[in-house]
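Engineer: Would you mind keeping the following structure in view while I ask a few things?
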2 protein chains.
Amino acid sequence: MSGRIRLLLADDHPVVRAGLRAVLATEPDFEVVAEAATAERAVTLAEREHVDVVLMDLQFGTGMHGADATAAITARPDGPVVLVLTTYDTDADILAAVEAGAIGYLLKDAPPEELAAAVRAAAAGRSALAPAVARRLMGRLRAPGTALSRRETEVLQLVADGLSNQQISRRLHLSPATVKTHLVHVYGKLGVDSRTAAVAAARARGLIRP
Amino acid sequence: MSGRIRLLLADDHPVVRAGLRAVLATEPDFEVVAEAATAERAVTLAEREHVDVVLMDLQFGTGMHGADATAAITARPDGPVVLVLTTYDTDADILAAVEAGAIGYLLKDAPPEELAAAVRAAAAGRSALAPAVARRLMGRLRAPGTALSRRETEVLQLVADGLSNQQISRRLHLSPATVKTHLVHVYGKLGVDSRTAAVAAARARGLIRP
DNA sequence: GGCGGGATCAACCTTTTGGTTGATGGCGGC
DNA sequence: GCCGCCATCAACCAAAAGGTTGATCCCGCC
């Protein structure tokens with residue numbers, strides 16, 4: 001194994017970047033070589049600097065999303081691996097990050113030791129998932145039949161936006177009966193029995209946009 | 001002016017605590033004397049240690065909410081002042097913190113200088129609000145007739161969580177008729193005519209937690 | 001002391017939703 | 001070709017939610 005593991009921190013919060021620096025500085029085999037306050041800057045730095053692992057937030061205040069930056073970085077051959085480090089663990093976020101090529105997914109409340117272990121795993125090409133995240137992925141694999149269809153998700157999103165069945169039927173050029181049918185199926189899959197509960201459950205699972 | 005400003009950091013994320021420590025350590029007149037990973041511990045430490053300013057997060061993974069801890073700390077005479085430092089800027093959070101007695105409200109994406117300035121202001125008994133927060137409070141003062149009452153917000157939050165009127169009435173020890181009355185008032189204030197639309201509108205305006 | 005707003009509840013009625021059953025057509029897999 | 005899943009629609013009934021009117025109590029304010 002060659003020298004120290006070279007890290008790039010990508011997070012829009014100065015406090016979080018300082019915290020990561022401080023936490024990672026206690027590990028002698030780590031070296032933080034760059035910081036990025038935006039996703040765009042992270043992509044630039046990842047290809048310009050010699051970096052082994054990128055610690056990537058998903059939500060940036062403005063501009064590119066962390067998942068898009070992850071895709072851009074991992075698309076390059078011989079590029080660094082990307083370890084996602086975020087506050088949220090919704091299905092939508094996790095899936096987006098995994099599909100973008102992230103090698104690991106950590107939550108920001110992780111203790112420092114777990115963080116260090118995940119960075120070493122990522123640098124060695126091994127995957128690193130927070131326990132809560134792993135549980136979510138497992139649950140999704142175990143119960144694939146409960147995934148909402150495209151149309152069901154579309155209808156549910158409009159419900160979350162506050163539309164009535166009739167408004168949804170007009171918006172999607174459907175009969176009100178069809179909207180009701182879709183919703184009844186959604187209720188069954190989510191284990192709820194009202195539109196507001198369905199929206200809450202879908203939000204909690206990250207099935208619709210926040 | 002007496003000695004250095006003594007600080008207590010209350011946040012459930014180790015990385016954020018380390019970041020605050022690192023950022024505040026660059027100010028020679030600051031001294032971080034304690035850290036708390038839970039709101040309960042923050043209350044204990046705030047009365048046991050000699051502390052001037054508490055930097056308080058609002059959301060803790062489990063247990064007491066930061067606003068409740070703030071209320072408990074500021075209820076004591078000669079206690080420290082509480083400066084709320086959180087990621088969110090919804091009306092509900094801001095109002096809860098202000099009513100709990102917080103002297104300031106900062107967002108975690110604040111640059112270090114702003115953070116330091118706010119701490120000094122708080123220590124001197126002056127209020128410190130992030131610009132986005134101040135804007136929200138102004139907007140609320142300009143349109144007071146449309147502001148939701150405490151009870152209305154409480155009911156609406158439970159609606160957003162997916163509860164039926166009957167479940168809400170049981171949860172809050174109310175009659176179902178009262179829940180309906182509150183909601184009708186909410187619909188009028190928000191300009192909507194259904195519970196799902198009310199939740200969507202309240203979310204868009206930051207009246208309930210995301 | 002009155003006035004307004006908040007919080008509480010009741011009765012009544014209309015509209016919307018939820019739940020069920022059933023039916024049609026398309027599409028992909030074994 | 002048949003089966004399962006998705007998408008579409010209909011009719012019917014029961015339950016929940018929305019809308020109105022009206023009432024009581026308490027509190028802070030001028």
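Identifiers in this document derive from the order of the structure tokens: chains are assigned A, B, ..., residues are numbered from 1 separately in each chain, and ligands are numbered from 1 in order of occurrence.
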Residues of chain B within 9 Å of chain C, counting only C-alpha atoms (C1' of nucleotides), what are they? List them as a VMD selection string.

Structural biologist: chain B and resid 149 151 174 to 178 182

Engineer: Since we have the selection now, will you write its residues out, keeping N, CA and C atoms, as a PDB file, in the first residue's frame?

Structural biologist:
ATOM      1  N   SER B 149     -52.495  29.772  14.929  1.00  0.00           N
ATOM      2  CA  SER B 149     -52.304  29.737  16.378  1.00  0.00           C
ATOM      3  C   SER B 149     -51.524  28.479  16.753  1.00  0.00           C
ATOM      4  N   ARG B 151     -52.337  26.028  18.710  1.00  0.00           N
ATOM      5  CA  ARG B 151     -53.132  24.816  18.645  1.00  0.00           C
ATOM      6  C   ARG B 151     -53.386  24.393  17.198  1.00  0.00           C
ATOM      7  N   LEU B 174     -59.099  15.836  22.755  1.00  0.00           N
ATOM      8  CA  LEU B 174     -60.090  16.804  22.295  1.00  0.00           C
ATOM      9  C   LEU B 174     -61.290  16.060  21.750  1.00  0.00           C
ATOM     10  N   SER B 175     -62.373  16.793  21.541  1.00  0.00           N
ATOM     11  CA  SER B 175     -63.482  16.195  20.819  1.00  0.00           C
ATOM     12  C   SER B 175     -63.203  16.310  19.325  1.00  0.00           C
ATOM     13  N   PRO B 176     -63.706  15.364  18.527  1.00  0.00           N
ATOM     14  CA  PRO B 176     -63.509  15.449  17.078  1.00  0.00           C
ATOM     15  C   PRO B 176     -64.036  16.771  16.521  1.00  0.00           C
ATOM     16  N   ALA B 177     -65.082  17.289  17.137  1.00  0.00           N
ATOM     17  CA  ALA B 177     -65.634  18.556  16.659  1.00  0.00           C
ATOM     18  C   ALA B 177     -64.601  19.679  16.757  1.00  0.00           C
ATOM     19  N   THR B 178     -63.830  19.677  17.825  1.00  0.00           N
ATOM     20  CA  THR B 178     -62.822  20.721  18.010  1.00  0.00           C
ATOM     21  C   THR B 178     -61.728  20.617  16.953  1.00  0.00           C
ATOM     22  N   HIS B 182     -60.689  23.569  14.362  1.00  0.00           N
ATOM     23  CA  HIS B 182     -59.331  24.074  14.147  1.00  0.00           C
ATOM     24  C   HIS B 182     -58.955  23.986  12.675  1.00  0.00           C
TER      25      HIS B 182
END

Engineer: Computed after least-squares fitting of chain A to chain B on all C-alpha atoms in order, what is the RMSD in Å?

Structural biologist: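 After least-squares fitting, the two copies differ by 3.3 Å C-alpha RMSD.
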
Engineer: Could you pull out all residues of stretch 74-198 of chain A with a DSSP call of strand (DSSP E) and give them as a PyMOL selection string?

Structural biologist: chain A and resi 81-86+104-107+128-129

Engineer: Taking 3 positions as the minimum chain separation for residues in the same chain, which residues sit within 9 Å of A:Gln166 when counting only C-alpha atoms (C1' of nucleotides)? Answer as an MDAnalysis selection string.

Structural biologist: chainID A and resid 163 169:171 175:176 179

Engineer: Can I get the selected residues back with N, CA and C atoms, as a CSV table (one decimal), in the first residue's frame?

Structural biologist:
chain,number,residue,atom,x,y,z
A,163,LEU,N,-53.7,18.2,-4.2
A,163,LEU,CA,-54.8,18.1,-5.1
A,163,LEU,C,-55.9,17.1,-4.7
A,169,SER,N,-57.5,13.8,-11.6
A,169,SER,CA,-58.1,13.2,-12.8
A,169,SER,C,-58.0,14.1,-14.0
A,170,ARG,N,-58.3,15.4,-13.7
A,170,ARG,CA,-58.2,16.4,-14.8
A,170,ARG,C,-56.7,16.6,-15.2
A,171,ARG,N,-55.9,16.7,-14.2
A,171,ARG,CA,-54.5,17.0,-14.6
A,171,ARG,C,-53.9,15.8,-15.4
A,175,SER,N,-60.1,9.3,-15.6
A,175,SER,CA,-61.4,9.3,-14.9
A,175,SER,C,-61.1,9.3,-13.4
A,176,PRO,N,-62.0,10.0,-12.6
A,176,PRO,CA,-61.8,10.0,-11.1
A,176,PRO,C,-61.8,8.5,-10.6
A,179,VAL,N,-58.2,7.3,-10.6
A,179,VAL,CA,-57.4,7.9,-9.6
A,179,VAL,C,-57.7,7.2,-8.3

Engineer: How close does chain D get to chain B? List, as CSV, each residue of chain D within 12 Å, its nearest atom pair and the distance in Å to one decimal, counting only C-alpha atoms (C1' of nucleotides).

Structural biologist:
residue,atom,partner,partner_atom,distance
D:DA15,C1',B:Ser164,CA,11.8
D:DA16,C1',B:Ser164,CA,8.4
D:DA17,C1',B:Ser194,CA,8.3
D:DG18,C1',B:Ser194,CA,7.5
D:DG19,C1',B:Val184,CA,8.2
D:DT20,C1',B:Val184,CA,10.7

Engineer: Starting from chain A, keep only residues with some atom at most 10 Å from an atom of chain B, counting only C-alpha atoms, and report them as a PyMOL selection string.

Structural biologist: chain A and resi 11-24+60-61+87+107-112+115+158-164+192-201+203-204+210

Engineer: Those residues you just picked out, can you put them in a file as a PDB file, in the first residue's frame with C-alpha atoms?

Structural biologist:
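So part26.pdb came out as:
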ATOM      1  CA  ASP A  11     -20.027  20.013   1.945  1.00  0.00           C
ATOM      2  CA  ASP A  12     -21.638  23.432   1.834  1.00  0.00           C
ATOM      3  CA  HIS A  13     -21.469  23.915   5.631  1.00  0.00           C
ATOM      4  CA  PRO A  14     -18.187  25.415   6.826  1.00  0.00           C
ATOM      5  CA  VAL A  15     -18.806  23.988  10.279  1.00  0.00           C
ATOM      6  CA  VAL A  16     -19.207  20.466   8.943  1.00  0.00           C
ATOM      7  CA  ARG A  17     -16.063  20.736   6.831  1.00  0.00           C
ATOM      8  CA  ALA A  18     -14.122  21.924   9.862  1.00  0.00           C
ATOM      9  CA  GLY A  19     -15.578  19.068  11.883  1.00  0.00           C
ATOM     10  CA  LEU A  20     -14.605  16.466   9.326  1.00  0.00           C
ATOM     11  CA  ARG A  21     -11.115  17.938   9.131  1.00  0.00           C
ATOM     12  CA  ALA A  22     -10.786  17.791  12.899  1.00  0.00           C
ATOM     13  CA  VAL A  23     -12.130  14.264  13.182  1.00  0.00           C
ATOM     14  CA  LEU A  24     -10.088  12.890  10.301  1.00  0.00           C
ATOM     15  CA  PHE A  60     -26.037  21.732  -1.299  1.00  0.00           C
ATOM     16  CA  GLY A  61     -27.777  25.021  -0.699  1.00  0.00           C
ATOM     17  CA  THR A  87     -28.075  13.711   7.052  1.00  0.00           C
ATOM     18  CA  LEU A 107     -25.061   9.357   7.964  1.00  0.00           C
ATOM     19  CA  LYS A 108     -23.685  12.462   9.585  1.00  0.00           C
ATOM     20  CA  ASP A 109     -24.492  11.277  13.065  1.00  0.00           C
ATOM     21  CA  ALA A 110     -21.939   8.500  12.678  1.00  0.00           C
ATOM     22  CA  PRO A 111     -19.302   8.304  15.412  1.00  0.00           C
ATOM     23  CA  PRO A 112     -15.741   9.199  14.328  1.00  0.00           C
ATOM     24  CA  LEU A 115     -16.374   7.305   9.768  1.00  0.00           C
ATOM     25  CA  LEU A 158     -50.115  15.125  -6.815  1.00  0.00           C
ATOM     26  CA  VAL A 159     -51.942  14.129  -3.651  1.00  0.00           C
ATOM     27  CA  ALA A 160     -48.913  15.347  -1.696  1.00  0.00           C
ATOM     28  CA  ASP A 161     -49.165  18.629  -3.593  1.00  0.00           C
ATOM     29  CA  GLY A 162     -52.661  19.030  -2.156  1.00  0.00           C
ATOM     30  CA  LEU A 163     -54.833  18.134  -5.142  1.00  0.00           C
ATOM     31  CA  SER A 164     -58.205  16.402  -4.819  1.00  0.00           C
ATOM     32  CA  VAL A 192     -52.207   2.917   5.312  1.00  0.00           C
ATOM     33  CA  ASP A 193     -55.828   3.864   4.790  1.00  0.00           C
ATOM     34  CA  SER A 194     -55.973   7.534   3.954  1.00  0.00           C
ATOM     35  CA  ARG A 195     -54.378   9.947   1.542  1.00  0.00           C
ATOM     36  CA  THR A 196     -52.682  12.003   4.219  1.00  0.00           C
ATOM     37  CA  ALA A 197     -51.239   8.883   5.843  1.00  0.00           C
ATOM     38  CA  ALA A 198     -50.041   7.719   2.434  1.00  0.00           C
ATOM     39  CA  VAL A 199     -48.256  11.015   1.878  1.00  0.00           C
ATOM     40  CA  ALA A 200     -46.658  10.829   5.318  1.00  0.00           C
ATOM     41  CA  ALA A 201     -45.541   7.226   4.765  1.00  0.00           C
ATOM     42  CA  ARG A 203     -42.309  10.943   2.623  1.00  0.00           C
ATOM     43  CA  ALA A 204     -40.823   8.905   5.424  1.00  0.00           C
ATOM     44  CA  PRO A 210     -39.565  16.397  -0.183  1.00  0.00           C
TER      45      PRO A 210
END

Engineer: Hey, what's within 9 Å of B:Arg76 if we count only C-alpha atoms (C1' of nucleotides) and toss same-chain stuff fewer than 4 positions away? As number ranges by chain, please?

Structural biologist: B: 47, 72, 80

Engineer: Provide the atom CA of A:Val81 to atom CA of A:Arg205 distance in Å, to one decimal place.

Structural biologist: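 That distance, rounded to one decimal, is 26.7 Å.
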
Engineer: Measure the distance from atom CA of A:Gly63 to atom CA of A:Val33 in Å and round it to one decimal.

Structural biologist: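 Interatomic distance, atom CA of A:Gly63 to atom CA of A:Val33: 23.1 Å.
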